[in-house]
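Asker: Here it is, the structure in full.
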Amino acid sequence: VSTQSTGSFFVVSRMVSVGKVYLFSYNLVQWFAWMYLFFVLSSHYSKVLSSSENKEQQREGLSLAASSLWPQVSTTILLFQNLAFLEVVHCLVGLVKSPVGPTFMQTSARVFVVSAICYNVPQAQTSFWLSVAILAWSLAESIRYSFYALKVFEICPYFLVWLRYTMFIVLYSALI
């Protein structure tokens, strides 16, 4: 009996460890992706606006930057917004304690915005509001995924907890 208990305990412990490593890896990959999108967005606007010499050229630069951003971010944003459907699976199989319904609704809404609207509507691809959405998403998701990654191993610093539960008020109201 003790061998079975020890064996069962080992299997359960190992499964939990594999689950933790998987969740940490998933969240780390998502964090890198959203940091990359933030970098691409920042670099794109910086490059376009750095050539502006006056207010009129800056306005034109903002318009040019917005209209030329989608080709640079589309593949990454489509991939990682759709990859977020794994979070629904994480809920279903019990890797996380989040409720399935709200997780599915939030993920579906974002995938709809990116896959159905941005991907198919040229006016959405050139809209300044797409840049605002990507900025808000990249900041919110960078905070969220880094928080989740560190929380897996209970090593999340206080400032990240504060950011996670404070910044969403601003960022979620900006199109999330």
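By convention here, the chains of the structure tokens are called A, B, ... in the order presented, each chain's residues are numbered starting at 1, and ligands are numbered starting at 1 in the order presented.
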Considering only C-alpha atoms, return as a list of chain:residue names whatever protein or nucleic-acid residues lie within 10 Å of Tyr22 of chain A, sequence-local ones (same chain, fewer than 6 positions apart) excluded.

Answerer: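 After dropping sequence-adjacent residues, the list is A:Val16, A:Leu28, A:Leu95, A:Ala149, A:Val152.
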
Asker: Residues at most 9 Å from Met167 of chain A, counting only C-alpha atoms, excluding those fewer than 4 positions away in the same chain, as an MDAnalysis selection string?

Answerer: chainID A and resid 139:140 143 162:163 171:172

Asker: Pull all heavy atoms from the residues just selected and write them as an mmCIF file, in the first residue's frame.

Answerer:
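Result file is selection30.cif:
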```
data_model
loop_
_atom_site.group_PDB
_atom_site.id
_atom_site.type_symbol
_atom_site.label_atom_id
_atom_site.label_comp_id
_atom_site.auth_asym_id
_atom_site.auth_seq_id
_atom_site.Cartn_x
_atom_site.Cartn_y
_atom_site.Cartn_z
ATOM 1 N N LEU A 139 0.770 46.674 -23.226
ATOM 2 C CA LEU A 139 1.094 47.032 -21.841
ATOM 3 C C LEU A 139 0.356 46.125 -20.854
ATOM 4 O O LEU A 139 0.954 45.581 -19.925
ATOM 5 C CB LEU A 139 0.758 48.499 -21.581
ATOM 6 C CG LEU A 139 1.650 49.515 -22.289
ATOM 7 C CD1 LEU A 139 1.103 50.931 -22.107
ATOM 8 C CD2 LEU A 139 3.079 49.417 -21.797
ATOM 9 N N ALA A 140 -0.951 45.961 -21.073
ATOM 10 C CA ALA A 140 -1.748 45.128 -20.153
ATOM 11 C C ALA A 140 -1.274 43.683 -20.162
ATOM 12 O O ALA A 140 -1.128 43.065 -19.097
ATOM 13 C CB ALA A 140 -3.230 45.206 -20.531
ATOM 14 N N ILE A 143 2.172 43.085 -18.475
ATOM 15 C CA ILE A 143 2.012 43.057 -17.016
ATOM 16 C C ILE A 143 1.344 41.745 -16.593
ATOM 17 O O ILE A 143 1.817 41.052 -15.689
ATOM 18 C CB ILE A 143 1.198 44.271 -16.533
ATOM 19 C CG1 ILE A 143 1.979 45.561 -16.757
ATOM 20 C CG2 ILE A 143 0.807 44.109 -15.062
ATOM 21 C CD1 ILE A 143 1.152 46.834 -16.599
ATOM 22 N N TRP A 162 0.925 45.079 -7.710
ATOM 23 C CA TRP A 162 0.297 46.397 -7.739
ATOM 24 C C TRP A 162 -0.045 46.794 -9.180
ATOM 25 O O TRP A 162 -1.147 47.251 -9.462
ATOM 26 C CB TRP A 162 1.225 47.439 -7.102
ATOM 27 C CG TRP A 162 0.604 48.794 -7.059
ATOM 28 C CD1 TRP A 162 -0.235 49.295 -6.109
ATOM 29 C CD2 TRP A 162 0.769 49.832 -8.044
ATOM 30 N NE1 TRP A 162 -0.604 50.577 -6.437
ATOM 31 C CE2 TRP A 162 0.003 50.928 -7.619
ATOM 32 C CE3 TRP A 162 1.492 49.927 -9.223
ATOM 33 C CZ2 TRP A 162 -0.067 52.120 -8.340
ATOM 34 C CZ3 TRP A 162 1.420 51.105 -9.947
ATOM 35 C CH2 TRP A 162 0.649 52.183 -9.505
ATOM 36 N N LEU A 163 0.913 46.625 -10.095
ATOM 37 C CA LEU A 163 0.661 46.941 -11.501
ATOM 38 C C LEU A 163 -0.494 46.121 -12.063
ATOM 39 O O LEU A 163 -1.363 46.640 -12.762
ATOM 40 C CB LEU A 163 1.914 46.684 -12.347
ATOM 41 C CG LEU A 163 3.026 47.706 -12.286
ATOM 42 C CD1 LEU A 163 4.245 47.209 -13.056
ATOM 43 C CD2 LEU A 163 2.570 49.045 -12.825
ATOM 44 N N LEU A 171 -5.891 50.677 -18.517
ATOM 45 C CA LEU A 171 -5.674 49.986 -19.785
ATOM 46 C C LEU A 171 -6.926 49.300 -20.321
ATOM 47 O O LEU A 171 -7.174 49.313 -21.516
ATOM 48 C CB LEU A 171 -4.525 48.980 -19.643
ATOM 49 C CG LEU A 171 -3.176 49.612 -19.315
ATOM 50 C CD1 LEU A 171 -2.139 48.547 -19.014
ATOM 51 C CD2 LEU A 171 -2.708 50.506 -20.457
ATOM 52 N N TYR A 172 -7.731 48.721 -19.464
ATOM 53 C CA TYR A 172 -8.936 48.061 -19.933
ATOM 54 C C TYR A 172 -9.961 49.049 -20.435
ATOM 55 O O TYR A 172 -10.751 48.760 -21.310
ATOM 56 C CB TYR A 172 -9.529 47.153 -18.845
ATOM 57 C CG TYR A 172 -8.907 45.785 -18.813
ATOM 58 C CD1 TYR A 172 -7.567 45.620 -18.526
ATOM 59 C CD2 TYR A 172 -9.656 44.669 -19.125
ATOM 60 C CE1 TYR A 172 -6.977 44.382 -18.510
ATOM 61 C CE2 TYR A 172 -9.083 43.408 -19.131
ATOM 62 C CZ TYR A 172 -7.727 43.279 -18.810
ATOM 63 O OH TYR A 172 -7.157 42.052 -18.825
#
```

Asker: Looking only at the backbone, which of the residues in segment 32-162 of chain A does DSSP tag as alpha helix (DSSP H), as a PyMOL selection string?

Answerer: chain A and resi 32-50+55-67+70-83+86-93+100-111+122-125+128-152+158-162

Asker: For atom CA of Pro71 of chain A and atom CA of Ala33 of chain A, determine how far apart the two atoms are, in Å to one decimal place.

Answerer: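 These two atoms are separated by 16.0 Å.
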
Asker: For a test of reading the model, state the distance in Å between atom CA of Phe80 of chain A and atom CA of Tyr158 of chain A, rounded to one decimal.

Answerer: 27.0 Å

Asker: Could you name the residues that touch Ala84 of chain A at 9 Å or less, counting only C-alpha atoms, but leaving out those on the same chain fewer than 4 positions away, as a count of residues only?

Answerer: 6

Asker: Quote the spacing between atom CA of Trp129 of chain A and atom CA of Val100 of chain A in Å to one decimal place.

Answerer: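 Taking atom CA of Trp129 of chain A and atom CA of Val100 of chain A, their separation equals 29.2 Å.
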
Asker: Extract, using only C-alpha atoms, all DNA, RNA and protein residues at most 10 Å from Lys20 of chain A, discarding same-chain residues fewer than 5 positions from it, and format them as a PyMOL selection string.

Answerer: chain A and resi 14-15+25-26+95-96+149+151-153

Asker: Calculated over only C-alpha atoms, which of the candidates A:Thr76, A:Ser43, A:Ser138, A:Thr103 has the smallest distance to Val89 of chain A?

Answerer: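 When distances to Val89 of chain A are compared using only C-alpha atoms, the smallest one comes from A:Thr103.
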